[in-house]
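Undergrad: Contents of coords-v4.cif (mmCIF, C-alpha atoms) are below:
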data_upload
loop_
_atom_site.label_atom_id
_atom_site.label_comp_id
_atom_site.auth_asym_id
_atom_site.auth_seq_id
_atom_site.Cartn_x
_atom_site.Cartn_y
_atom_site.Cartn_z
CA MET A 133 -57.51 1.04 31.99
CA ALA A 134 -53.93 1.87 32.88
CA PRO A 135 -51.29 -0.10 31.00
CA SER A 136 -49.74 -2.96 32.95
CA ILE A 137 -46.55 -4.94 32.26
CA SER A 138 -46.43 -8.57 33.33
CA SER A 139 -43.03 -9.46 31.85
CA ILE A 140 -40.23 -8.45 29.51
CA ALA A 141 -38.04 -10.84 27.56
CA PRO A 142 -35.14 -11.01 27.52
CA THR A 143 -34.39 -9.30 30.82
CA SER A 144 -30.76 -8.61 29.95
CA GLY A 145 -28.71 -7.76 26.88
CA ASN A 146 -27.18 -4.80 25.15
CA SER A 147 -27.99 -2.02 22.71
CA GLY A 148 -29.52 -3.26 19.47
CA ASP A 149 -31.27 -6.23 21.05
CA SER A 150 -35.00 -6.69 20.50
CA VAL A 151 -37.12 -6.90 23.66
CA THR A 152 -40.76 -7.94 23.97
CA ILE A 153 -43.02 -6.48 26.64
CA THR A 154 -46.09 -8.50 27.57
CA GLY A 155 -49.05 -7.17 29.50
CA THR A 156 -52.45 -5.51 29.13
CA GLY A 157 -53.63 -2.16 27.88
CA LEU A 158 -50.37 -1.55 26.06
CA GLY A 159 -51.94 0.54 23.30
CA SER A 160 -50.58 0.75 19.73
CA THR A 161 -47.63 2.21 17.89
CA SER A 162 -49.42 5.54 17.48
CA VAL A 163 -50.03 6.12 21.20
CA THR A 164 -47.46 3.97 22.99
CA ARG A 165 -43.94 4.98 23.98
CA VAL A 166 -41.35 2.84 25.74
CA ASN A 167 -39.20 4.34 28.49
CA VAL A 168 -35.79 2.72 29.10
CA GLY A 169 -34.09 4.53 31.93
CA SER A 170 -34.10 8.18 30.83
CA ARG A 171 -34.64 7.32 27.14
CA THR A 172 -38.07 7.45 25.48
CA LEU A 173 -38.53 5.30 22.35
CA THR A 174 -41.11 4.60 19.70
CA PRO A 175 -41.78 0.83 19.70
CA THR A 176 -41.16 -1.25 16.59
CA SER A 177 -44.57 -2.85 17.10
CA ALA A 178 -47.37 -2.56 19.66
CA SER A 179 -50.74 -4.05 20.49
CA SER A 180 -52.86 -4.12 23.59
CA THR A 181 -50.98 -7.17 24.93
CA SER A 182 -47.50 -6.96 23.40
CA VAL A 183 -44.91 -4.29 22.63
CA GLN A 184 -41.54 -4.73 20.96
CA PHE A 185 -38.66 -2.26 21.05
CA THR A 186 -34.97 -2.09 20.26
CA VAL A 187 -32.70 -1.50 23.24
CA PRO A 188 -30.96 1.88 23.00
CA ALA A 189 -27.31 2.47 23.88
CA GLY A 190 -26.61 2.41 27.58
CA CYS A 191 -24.02 1.63 30.21
CA SER A 192 -23.76 -1.62 32.13
CA GLY A 193 -26.23 -2.05 34.97
CA GLN A 194 -29.97 -1.85 35.54
CA ALA A 195 -32.41 0.31 33.62
CA ASN A 196 -36.12 0.43 34.46
CA VAL A 197 -38.51 -0.22 31.56
CA ASN A 198 -42.12 0.95 31.40
CA VAL A 199 -44.60 2.10 28.77
CA THR A 200 -46.61 5.27 28.44
CA VAL A 201 -49.96 4.95 26.67
CA SER A 202 -51.70 8.23 25.87
CA GLY A 203 -49.83 9.88 28.73
CA VAL A 204 -50.53 7.15 31.31
CA ASN A 205 -47.52 5.25 32.69
CA SER A 206 -47.39 1.52 33.41
CA ASN A 207 -45.51 -0.24 36.16
CA SER A 208 -41.79 -0.87 35.58
CA LYS A 209 -39.67 -3.97 34.98
CA ALA A 210 -35.89 -4.17 35.26
CA PHE A 211 -33.65 -4.61 32.22
CA PHE A 212 -29.95 -5.24 32.80
CA TYR A 213 -27.39 -3.90 30.37
CA VAL A 214 -24.59 -6.45 30.04
CA ALA A 215 -21.27 -4.82 29.21
CA SER A 216 -19.31 -6.21 26.28
CA PRO A 217 -16.42 -8.40 27.43
CA SER A 218 -12.77 -7.49 27.14
CA VAL A 219 -9.70 -9.71 26.78
CA THR A 220 -6.42 -8.63 28.37
CA THR A 221 -4.14 -11.70 28.28
CA VAL A 222 -4.00 -15.25 26.97
CA THR A 223 -1.78 -17.89 28.58
CA PRO A 224 -0.13 -19.88 27.26
CA ALA A 225 -0.11 -17.70 24.15
CA GLN A 226 1.40 -20.38 21.91
CA GLY A 227 0.55 -23.96 21.07
CA PRO A 228 0.51 -26.66 18.40
CA ALA A 229 -1.67 -26.47 15.32
CA THR A 230 -3.68 -29.45 16.56
CA GLY A 231 -4.28 -31.21 19.84
CA ASN A 232 -4.13 -28.23 22.19
CA THR A 233 -5.18 -28.48 25.81
CA ALA A 234 -7.12 -25.76 27.62
CA ILE A 235 -5.60 -22.29 27.82
CA ASP A 236 -6.49 -19.45 30.20
CA VAL A 237 -8.08 -16.21 29.01
CA PHE A 238 -8.17 -13.21 31.35
CA GLY A 239 -10.20 -10.02 31.02
CA SER A 240 -13.69 -8.96 32.12
CA GLY A 241 -17.35 -9.68 31.42
CA PHE A 242 -16.91 -13.45 31.13
CA ALA A 243 -19.72 -14.50 33.47
CA THR A 244 -22.18 -14.83 30.56
CA ALA A 245 -19.63 -15.78 27.89
CA THR A 246 -21.04 -18.12 25.26
CA GLN A 247 -18.24 -18.47 22.71
CA VAL A 248 -14.59 -17.75 22.00
CA ASP A 249 -13.37 -16.93 18.49
CA PHE A 250 -9.87 -17.78 17.28
CA GLY A 251 -9.70 -15.62 14.18
CA ALA A 252 -10.57 -17.50 11.00
CA VAL A 253 -9.58 -20.82 12.61
CA GLY A 254 -12.89 -21.35 14.36
CA THR A 255 -15.26 -20.67 17.23
CA VAL A 256 -15.66 -22.83 20.33
CA ALA A 257 -17.54 -22.70 23.61
CA PRO A 258 -15.60 -21.96 26.80
CA SER A 259 -14.41 -25.06 28.63
CA SER A 260 -15.14 -23.42 31.97
CA ILE A 261 -16.12 -20.01 33.35
CA VAL A 262 -13.79 -19.65 36.33
CA SER A 263 -14.96 -16.14 37.19
CA ASP A 264 -16.12 -12.95 35.50
CA THR A 265 -12.45 -12.23 34.71
CA HIS A 266 -11.16 -15.71 33.85
CA LEU A 267 -12.23 -18.51 31.54
CA THR A 268 -10.58 -21.56 30.04
CA VAL A 269 -10.95 -22.75 26.47
CA VAL A 270 -9.43 -25.35 24.15
CA PRO A 271 -8.22 -23.72 20.92
CA PRO A 272 -9.79 -25.31 17.83
CA ASP A 273 -7.47 -27.22 15.48
CA HIS A 274 -5.72 -25.21 12.79
CA ALA A 275 -5.50 -26.51 9.23
CA THR A 276 -2.00 -27.67 8.31
CA PRO A 277 0.50 -27.03 6.91
CA ILE A 278 0.60 -23.43 8.13
CA ALA A 279 2.20 -21.02 5.68
CA GLY A 280 5.30 -19.66 7.40
CA CYS A 281 4.89 -22.29 10.15
CA THR A 282 3.01 -19.96 12.55
CA ASP A 283 -0.28 -18.07 12.61
CA SER A 284 -1.26 -15.51 15.28
CA VAL A 285 -5.01 -15.02 15.72
CA ASN A 286 -7.10 -12.71 17.88
CA VAL A 287 -8.91 -14.37 20.77
CA LEU A 288 -12.35 -12.73 21.04
CA VAL A 289 -14.99 -13.51 23.67
CA THR A 290 -18.74 -13.10 23.14
CA ASN A 291 -21.26 -12.64 25.93
CA ALA A 292 -24.82 -11.33 26.16
CA GLY A 293 -23.46 -7.81 25.68
CA GLY A 294 -21.55 -8.43 22.49
CA GLN A 295 -18.03 -9.37 21.40
CA SER A 296 -14.74 -8.14 22.78
CA ALA A 297 -12.44 -6.00 20.66
CA ALA A 298 -9.04 -7.13 19.38
CA VAL A 299 -6.30 -5.80 21.66
CA GLY A 300 -3.16 -6.86 19.81
CA ALA A 301 -0.42 -9.28 20.84
CA SER A 302 -1.50 -9.68 24.48
CA GLY A 303 -4.88 -11.03 23.35
CA GLN A 304 -3.64 -13.36 20.61
CA PHE A 305 -2.90 -17.07 20.36
CA GLU A 306 -0.11 -18.22 18.07
CA TYR A 307 -0.46 -21.58 16.34
CA TYR A 308 2.76 -23.47 15.52
CA ASP A 309 3.12 -26.13 12.87
CA ALA A 310 5.04 -29.18 14.09
CA PRO A 311 8.77 -29.23 13.26
CA ALA A 312 10.08 -31.88 10.89
CA ILE A 313 13.57 -33.33 10.38
CA ASN A 314 14.72 -34.34 6.91
CA THR A 315 18.41 -35.20 7.36
CA LEU A 316 21.29 -35.16 9.84
CA THR A 317 24.79 -34.37 8.58
CA PRO A 318 26.74 -36.31 9.69
CA ASN A 319 24.40 -39.00 10.99
CA THR A 320 27.11 -41.02 12.73
CA GLY A 321 30.17 -40.25 14.83
CA PRO A 322 31.69 -40.53 18.28
CA ALA A 323 30.31 -38.97 21.44
CA GLY A 324 31.36 -35.34 21.48
CA THR A 325 30.82 -34.83 17.72
CA THR A 326 30.26 -31.13 17.11
CA GLY A 327 28.27 -29.21 14.55
CA VAL A 328 25.74 -31.86 13.49
CA ILE A 329 23.55 -30.12 10.89
CA VAL A 330 19.82 -30.75 11.08
CA ASP A 331 17.91 -29.96 7.89
CA GLY A 332 14.14 -29.75 8.13
CA SER A 333 11.33 -27.27 8.61
CA CYS A 334 9.54 -25.15 11.21
CA PHE A 335 12.47 -24.84 13.61
CA LEU A 336 10.90 -21.79 15.29
CA ASN A 337 11.19 -21.09 19.03
CA VAL A 338 13.01 -24.39 19.55
CA SER A 339 12.81 -25.46 23.18
CA SER A 340 14.98 -28.60 22.97
CA VAL A 341 16.86 -31.08 20.82
CA THR A 342 17.17 -34.52 22.41
CA LEU A 343 18.87 -37.83 21.70
CA ASP A 344 17.00 -40.96 22.81
CA ASP A 345 18.33 -44.52 22.69
CA GLY A 346 14.93 -45.93 23.64
CA VAL A 347 16.29 -47.33 26.90
CA ASN A 348 17.54 -44.46 29.00
CA PRO A 349 15.97 -41.02 29.54
CA ALA A 350 16.44 -38.76 26.55
CA THR A 351 19.63 -36.66 26.68
CA PRO A 352 19.57 -32.95 25.74
CA ALA A 353 21.90 -32.05 22.89
CA ASP A 354 24.66 -29.54 23.58
CA ASN A 355 25.15 -26.13 21.97
CA VAL A 356 21.93 -26.00 19.93
CA GLN A 357 22.11 -23.17 17.39
CA VAL A 358 19.17 -22.32 15.14
CA SER A 359 20.28 -20.76 11.85
CA ASP A 360 16.81 -20.31 10.37
CA GLU A 361 13.47 -22.11 10.34
CA ASN A 362 14.94 -24.90 8.18
CA THR A 363 18.37 -25.43 9.73
CA LEU A 364 19.92 -25.92 13.15
CA THR A 365 23.10 -27.47 14.55
CA PHE A 366 23.93 -29.29 17.76
CA ASP A 367 26.80 -31.09 19.47
CA VAL A 368 26.55 -34.69 20.58
CA PRO A 369 27.14 -34.79 24.36
CA ALA A 370 30.42 -36.30 25.41
CA GLY A 371 30.11 -39.54 27.33
CA LEU A 372 27.17 -40.99 25.39
CA ALA A 373 27.49 -44.74 25.04
CA ALA A 374 27.77 -46.23 21.56
CA ALA A 375 24.20 -46.77 20.33
CA ALA A 376 21.59 -45.55 17.84
CA TYR A 377 19.86 -42.40 19.11
CA GLY A 378 16.66 -40.87 17.83
CA VAL A 379 17.10 -37.11 17.43
CA VAL A 380 13.94 -35.08 18.10
CA VAL A 381 13.38 -31.31 17.83
CA THR A 382 10.71 -29.75 20.06
CA THR A 383 8.96 -26.39 19.56
CA PRO A 384 5.58 -25.00 20.69
CA GLY A 385 4.24 -26.99 17.72
CA GLY A 386 5.22 -30.24 19.42
CA ASP A 387 7.83 -32.92 18.72
CA SER A 388 9.33 -33.60 15.32
CA ASN A 389 9.76 -37.01 13.80
CA SER A 390 12.76 -38.98 15.08
CA VAL A 391 15.85 -39.38 12.87
CA THR A 392 18.74 -41.63 13.91
CA PHE A 393 22.23 -40.49 14.84
CA THR A 394 24.54 -43.41 15.60
CA VAL A 395 27.19 -42.89 18.27
CA THR A 396 30.16 -45.07 17.43
#
Just give me the structure of the file as structure tokens.

TA:
Amino acid sequence: MAPSISSIAPTSGNSGDSVTITGTGLGSTSVTRVNVGSRTLTPTSASSTSVQFTVPAGCSGQANVNVTVSGVNSNSKAFFYVASPSVTTVTPAQGPATGNTAIDVFGSGFATATQVDFGAVGTVAPSSIVSDTHLTVVPPDHATPIAGCTDSVNVLVTNAGGQSAAVGASGQFEYYDAPAINTLTPNTGPAGTTGVIVDGSCFLNVSSVTLDDGVNPATPADNVQVSDENTLTFDVPAGLAAAAYGVVVTTPGGDSNSVTFTVT
């Protein structure tokens, strides 16, 4: 009786995967060979109704699978090689240590993506598969405090064909610890006061310093100058009405605590 294949499982994957062939007249390990495309393999196990083999290296696309038992060929079933994914860019590439919203990851081979790794921080499932070249994902929370205030991690995507390779800065996400204000010097003065010193931490990539009286829209500080990650200075805008203003520093890590500067 000629060998006959009824099914193979799984029907897609990559090199190194184990595949089971089910059928009749499939022989034994001593007389059965598995043909995957142009490759001929010795199965890892074989019986008259089941054969297992390890998928050899191959390119993406379809390869026909059949068995040869004592020189007699079976019918063929299709196996699809799924190419490993690749990541090209991540946007935005920065965000807070905790409480991130979805970011966009661009590359290829995302149609069957099952997980996204953020270095040692953690692994999460994609939020959505937009296309084979685009997915969205919410970065997992980073433990805090972060030594040095930031941590850049490789964003790696896994699909049925394997995991993408690290590509450097373009494929990384940088976590930022939230800034914090300790003191303002001086913490009171007239509108137009210059050179107010802000002492604190994690003043990296500062996007704004604002003064908020809790009634009107927050006012951007003038002439913000960052000396280092622990110190910055600003000028109080001229024309601010006398009131107590909460000073807040904002970075990719989010908003700092609010510390009062009183305009006299």

Undergrad: Which of these, A:Asn337, A:Thr326, A:Thr233, A:Ser259, has the shortest distance to Cys281 (chain A) once you count only C-alpha atoms?

TA: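 For Cys281 (chain A), the nearest of the candidates is A:Asn337.
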
Undergrad: I need the residue nearest Gly227 (chain A) from this list: A:Asn205, A:Thr396, A:Thr382, A:Ser147. Use all atoms listed in the file for the distance.

TA: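 Among the listed residues, the smallest separation from Gly227 (chain A) belongs to A:Thr382.
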
Undergrad: Show which residues sit within 10 Å of Ser263 (chain A), as JSON, numbers by chain. Count all atoms listed in the file, and ignore same-chain residues fewer than 6 positions away.

TA: {"A": [238, 239, 240, 241, 242, 243, 244]}

Undergrad: When you count all atoms listed in the file, which of these residues is closest to Thr342 (chain A): A:Ala375, A:Thr325, A:Gly190, A:Val381?

TA: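 Nearest to Thr342 (chain A): A:Val381.
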
Undergrad: List as a VMD selection string: which residues have an atom within 12 Å of (-13.4, -22.2, 34.9), counting all atoms listed in the file?

TA: chain A and resid 234 to 238 242 to 243 245 258 to 270

Undergrad: Given the file shown, determine the residues that the PyMOL selection byres ((chain A and resi 210) around 8) selects; report them as a VMD selection string.

TA: chain A and resid 143 194 to 197 208 to 209 211 to 212

Undergrad: So how many Å separate CA of Thr220 (chain A) and CA of Tyr307 (chain A), to one decimal?

TA: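 It comes out at 18.7 Å.
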
Undergrad: Where does the PyMOL selection byres ((chain A and resi 355) around 9) land in this file, that is, which residues does it pick, as a PyMOL selection string?

TA: chain A and resi 326-327+353-354+356-357+365-368

Undergrad: Counting only C-alpha atoms, I want the residues whose atoms come within 12 Å of (0.8, -6.5, 25.0) in the file frame, returned as an mmCIF file with C-alpha atoms, keeping the file's coordinate frame.

TA:
data_model
loop_
_atom_site.group_PDB
_atom_site.id
_atom_site.type_symbol
_atom_site.label_atom_id
_atom_site.label_comp_id
_atom_site.auth_asym_id
_atom_site.auth_seq_id
_atom_site.Cartn_x
_atom_site.Cartn_y
_atom_site.Cartn_z
ATOM 1 C CA VAL A 219 -9.700 -9.710 26.780
ATOM 2 C CA THR A 220 -6.420 -8.630 28.370
ATOM 3 C CA THR A 221 -4.140 -11.700 28.280
ATOM 4 C CA VAL A 222 -4.000 -15.250 26.970
ATOM 5 C CA ALA A 225 -0.110 -17.700 24.150
ATOM 6 C CA ALA A 298 -9.040 -7.130 19.380
ATOM 7 C CA VAL A 299 -6.300 -5.800 21.660
ATOM 8 C CA GLY A 300 -3.160 -6.860 19.810
ATOM 9 C CA ALA A 301 -0.420 -9.280 20.840
ATOM 10 C CA SER A 302 -1.500 -9.680 24.480
ATOM 11 C CA GLY A 303 -4.880 -11.030 23.350
ATOM 12 C CA GLN A 304 -3.640 -13.360 20.610
#

Undergrad: So the first atom is CA of Thr290 (chain A) and the second is CA of Thr223 (chain A); what is the distance between them in Å, to one decimal place?

TA: 18.4 Å

Undergrad: What's around Tyr377 (chain A) at 7 Å? Count only C-alpha atoms, leave out sequence neighbours fewer than 2 positions away in its own chain, and write the answer as a PyMOL selection string.

TA: chain A and resi 343-345+375+379+392-394
